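Asks: Here it is: the structure, laid out below.
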Amino acid sequence: MRRPTHPARRTPYATSPVPYAARPVPYRVLAAVLLAALPLLGGCGIRTTTVPVDAGPAPSRVSCAVPPIGEATQADAVVRQVYLVCSMQTAPIKRSVALRQGRFDRLSQVRELLAQLQRSPLSAETRAGFSTEVPGSLEIAGPYRDDPKETLRLNQAVDELPSFALAQIVCTLAADTSVSADGTVVLAGDDPDTAPRRYSCTADLRTRADAADSAGTAVG
């Protein structure tokens, strides 16, 4: 006799919803779990934030202590003060400079001081953190025909100088009595249509990189 057939039995999950363990974890639950784990990660020495934090500039490791002047090796050497850059400001140091025989006019003194600013800092100056931003290609000439007689013309526009280079030039020249009689210096670029401006070695010019943009007053 043929046995009666029965419909196939279905497993308990055949018609039931997806088991809880197989369901995807909701985004909010996952985020909550991650946030709860952050303190544990921090305790393990792992950085817990991906947001940049502005903690200010790194502490300076340079001393900016003015190095002593070495003994002059030439009989015609004199001490001159020049301004170099250290710790984001310009500061004066003294150097022993050899005067060129037979060239004691003002423009020659200016060019000698410029050469001091263009040269690489001495080893003691470098160790103390000093550097220079005055370009080696910079040249200085005398006034054009309609300029005030004390004008010094650069071979490039003043506002194209690197940061702090103008401060180095102005402060060095204005402090030298063989160049400036009143503690100021009159500068302009090589464009004859650019009017000269009178500069002083102010605290802003020495300490602010952007002060050169508004420094100087028009010469009437």
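For the structure tokens, the naming scheme is as follows: chains receive sequential letters (A, B, ...) according to their order of presentation, residues are indexed from 1 within each chain, and ligands are indexed from 1 in presentation order.
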Please run DSSP on the backbone and report, as a count of residues only, all residues within region 87-153 of chain A that come out as strand (DSSP E or B).
Replies: 15
Asks: Please provide as a list in words all residues within 8 Å of Arg197 (chain A), with the sequence filter that same-chain residues fewer than 6 positions apart are discarded (counting only C-alpha atoms).
Replies: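 Neighbouring residues, sequence-local ones excluded: Val186, Leu187, Ala188, Gly216, Thr217, Ala218 and Val219 of chain A.
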Asks: Please write the residues from the selection above to a file, keeping N, CA and C atoms, as a PDB file, in the first residue's frame.
Replies:
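Everything below was put into part_31.pdb:
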ATOM      1  N   VAL A 186      66.159 106.986   3.102  1.00  0.00           N
ATOM      2  CA  VAL A 186      65.221 107.192   1.995  1.00  0.00           C
ATOM      3  C   VAL A 186      65.504 106.142   0.930  1.00  0.00           C
ATOM      4  N   LEU A 187      64.479 105.334   0.631  1.00  0.00           N
ATOM      5  CA  LEU A 187      64.653 104.225  -0.312  1.00  0.00           C
ATOM      6  C   LEU A 187      63.580 104.262  -1.392  1.00  0.00           C
ATOM      7  N   ALA A 188      63.905 103.654  -2.526  1.00  0.00           N
ATOM      8  CA  ALA A 188      62.961 103.461  -3.623  1.00  0.00           C
ATOM      9  C   ALA A 188      63.470 102.333  -4.490  1.00  0.00           C
ATOM     10  N   GLY A 216      57.191 103.460   6.036  1.00  0.00           N
ATOM     11  CA  GLY A 216      57.717 104.572   5.260  1.00  0.00           C
ATOM     12  C   GLY A 216      56.692 105.666   5.033  1.00  0.00           C
ATOM     13  N   THR A 217      57.210 106.867   4.845  1.00  0.00           N
ATOM     14  CA  THR A 217      56.362 108.035   4.526  1.00  0.00           C
ATOM     15  C   THR A 217      56.881 108.681   3.261  1.00  0.00           C
ATOM     16  N   ALA A 218      55.965 109.266   2.499  1.00  0.00           N
ATOM     17  CA  ALA A 218      56.347 109.899   1.238  1.00  0.00           C
ATOM     18  C   ALA A 218      57.267 111.094   1.497  1.00  0.00           C
ATOM     19  N   VAL A 219      58.243 111.262   0.638  1.00  0.00           N
ATOM     20  CA  VAL A 219      59.181 112.378   0.742  1.00  0.00           C
ATOM     21  C   VAL A 219      58.643 113.525  -0.086  1.00  0.00           C
TER      22      VAL A 219
END
Asks: Neighbours of region 135-143 of chain A within 10 Å (only C-alpha atoms; same-chain residues fewer than 5 positions away dropped), as a PyMOL selection string?
Replies: chain A and resi 106-108+110-111+114-115+117-120+148-156+161-162+165+186-190+196
Asks: Any idea what's packed within 10 Å of Pro121 (chain A), counting only C-alpha atoms, ignoring anything in its chain fewer than 5 positions away? Could you give it as JSON, numbers by chain?
Replies: {"A": [84, 116, 126, 127, 129, 130, 131, 132]}
Asks: Export N, CA, C and O atoms of the chosen residues as an mmCIF file, in the first residue's frame?
Replies:
data_model
loop_
_atom_site.group_PDB
_atom_site.id
_atom_site.type_symbol
_atom_site.label_atom_id
_atom_site.label_comp_id
_atom_site.auth_asym_id
_atom_site.auth_seq_id
_atom_site.Cartn_x
_atom_site.Cartn_y
_atom_site.Cartn_z
ATOM 1 N N LEU A 84 70.303 91.307 11.758
ATOM 2 C CA LEU A 84 69.981 89.996 11.217
ATOM 3 C C LEU A 84 68.644 89.537 11.791
ATOM 4 O O LEU A 84 68.079 90.177 12.676
ATOM 5 N N GLN A 116 77.450 93.076 4.023
ATOM 6 C CA GLN A 116 77.433 92.374 5.304
ATOM 7 C C GLN A 116 76.099 91.676 5.528
ATOM 8 O O GLN A 116 76.040 90.576 6.096
ATOM 9 N N THR A 126 75.145 81.698 13.471
ATOM 10 C CA THR A 126 74.232 80.617 13.097
ATOM 11 C C THR A 126 73.847 79.786 14.312
ATOM 12 O O THR A 126 72.681 79.420 14.491
ATOM 13 N N ARG A 127 74.814 79.480 15.161
ATOM 14 C CA ARG A 127 74.523 78.692 16.366
ATOM 15 C C ARG A 127 73.552 79.429 17.289
ATOM 16 O O ARG A 127 72.743 78.809 17.987
ATOM 17 N N GLY A 129 71.197 81.293 16.264
ATOM 18 C CA GLY A 129 69.897 81.347 15.619
ATOM 19 C C GLY A 129 69.713 82.473 14.623
ATOM 20 O O GLY A 129 68.604 82.696 14.141
ATOM 21 N N PHE A 130 70.784 83.190 14.270
ATOM 22 C CA PHE A 130 70.660 84.319 13.356
ATOM 23 C C PHE A 130 70.707 83.850 11.904
ATOM 24 O O PHE A 130 71.370 82.876 11.553
ATOM 25 N N SER A 131 69.975 84.591 11.056
ATOM 26 C CA SER A 131 69.978 84.343 9.620
ATOM 27 C C SER A 131 69.748 85.676 8.922
ATOM 28 O O SER A 131 69.553 86.708 9.560
ATOM 29 N N THR A 132 69.782 85.656 7.590
ATOM 30 C CA THR A 132 69.524 86.870 6.825
ATOM 31 C C THR A 132 68.546 86.572 5.703
ATOM 32 O O THR A 132 68.532 85.458 5.160
#
Asks: When DSSP works through the backbone of this structure, what residues of region 87-201 of chain A end up as helix (DSSP H, G or I), shown as an MDAnalysis selection string?
Replies: chainID A and resid 106:118 123:127 158:160 165:174
Asks: Restrict the selected residues to C-alpha atoms and save them as a PDB file, in the first residue's frame.
Replies:
ATOM      1  CA  ARG A 106      78.518 107.444   1.688  1.00  0.00           C
ATOM      2  CA  LEU A 107      77.459 105.154  -1.162  1.00  0.00           C
ATOM      3  CA  SER A 108      80.486 102.940  -0.612  1.00  0.00           C
ATOM      4  CA  GLN A 109      79.618 102.658   3.072  1.00  0.00           C
ATOM      5  CA  VAL A 110      76.047 101.705   2.142  1.00  0.00           C
ATOM      6  CA  ARG A 111      77.252  99.006  -0.223  1.00  0.00           C
ATOM      7  CA  GLU A 112      79.662  97.638   2.364  1.00  0.00           C
ATOM      8  CA  LEU A 113      76.856  97.359   4.907  1.00  0.00           C
ATOM      9  CA  LEU A 114      74.615  95.732   2.298  1.00  0.00           C
ATOM     10  CA  ALA A 115      77.343  93.188   1.592  1.00  0.00           C
ATOM     11  CA  GLN A 116      77.433  92.374   5.304  1.00  0.00           C
ATOM     12  CA  LEU A 117      73.701  91.686   5.234  1.00  0.00           C
ATOM     13  CA  GLN A 118      74.002  89.496   2.158  1.00  0.00           C
ATOM     14  CA  SER A 123      79.262  80.154  12.549  1.00  0.00           C
ATOM     15  CA  ALA A 124      78.732  81.719  15.989  1.00  0.00           C
ATOM     16  CA  GLU A 125      75.787  83.720  14.633  1.00  0.00           C
ATOM     17  CA  THR A 126      74.232  80.617  13.097  1.00  0.00           C
ATOM     18  CA  ARG A 127      74.523  78.692  16.366  1.00  0.00           C
ATOM     19  CA  VAL A 158      60.865  97.725  -2.224  1.00  0.00           C
ATOM     20  CA  ASP A 159      57.580  95.840  -1.794  1.00  0.00           C
ATOM     21  CA  GLU A 160      59.068  92.800  -3.562  1.00  0.00           C
ATOM     22  CA  ALA A 165      64.668  92.119   4.435  1.00  0.00           C
ATOM     23  CA  LEU A 166      63.464  95.727   4.425  1.00  0.00           C
ATOM     24  CA  ALA A 167      63.766  95.858   8.214  1.00  0.00           C
ATOM     25  CA  GLN A 168      67.345  94.578   8.004  1.00  0.00           C
ATOM     26  CA  ILE A 169      68.281  97.197   5.420  1.00  0.00           C
ATOM     27  CA  VAL A 170      66.505 100.135   7.036  1.00  0.00           C
ATOM     28  CA  CYS A 171      67.677  99.427  10.580  1.00  0.00           C
ATOM     29  CA  THR A 172      71.271  98.769   9.512  1.00  0.00           C
ATOM     30  CA  LEU A 173      71.591 101.898   7.367  1.00  0.00           C
ATOM     31  CA  ALA A 174      69.610 104.212   9.662  1.00  0.00           C
TER      32      ALA A 174
END
Asks: Please provide the set of residues having any atom within 8 Å of Ala212 (chain A), restricted to only C-alpha atoms, with same-chain residues fewer than 2 positions apart removed, written as an NGL selection string.
Replies: :A and (159 or 163-164 or 166-167 or 205 or 209-210 or 214-215)
Asks: Given the choices A:Ile69, A:Val179, A:Ala203, A:Ala195, which gets closest to Tyr144 (chain A) if the distance is worked out from only C-alpha atoms?
Replies: A:Ala195
Asks: Between A:Met88, A:Asp105, A:Cys64, A:Val134, single out the one closest to Ser178 (chain A), counting only C-alpha atoms.
Replies: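 Using only C-alpha atoms, the shortest distance to Ser178 (chain A) belongs to A:Asp105.
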Asks: Considering only C-alpha atoms, state which residue in the set A:Ala98, A:Ala211, A:Ala175, A:Val185 is at the smallest distance from Ala77 (chain A).
Replies: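 For Ala77 (chain A), the nearest of the given residues is A:Ala98.
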Asks: Could you state the separation of CA of Ser200 (chain A) and CA of Asp147 (chain A) in Å, given to one decimal place?
Replies: 18.4 Å
Asks: Can you measure CA of Lys94 (chain A) to CA of Ala128 (chain A) for me? One decimal in Å is fine.
Replies: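 About the pair CA of Lys94 (chain A) and CA of Ala128 (chain A): they are 13.7 Å apart.
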Asks: Choose the residue, out of A:Asp176, A:Asp204, A:Asp213, A:Asp146, that has the smallest atom-to-atom separation from Pro192 (chain A); count only C-alpha atoms.
Replies: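 Nearest to Pro192 (chain A): A:Asp146.
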Asks: To one decimal place in Å, what is the distance between CA of Val78 (chain A) and CA of Ser96 (chain A)?
Replies: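 Straight-line distance from CA of Val78 (chain A) to CA of Ser96 (chain A) works out to 5.5 Å.
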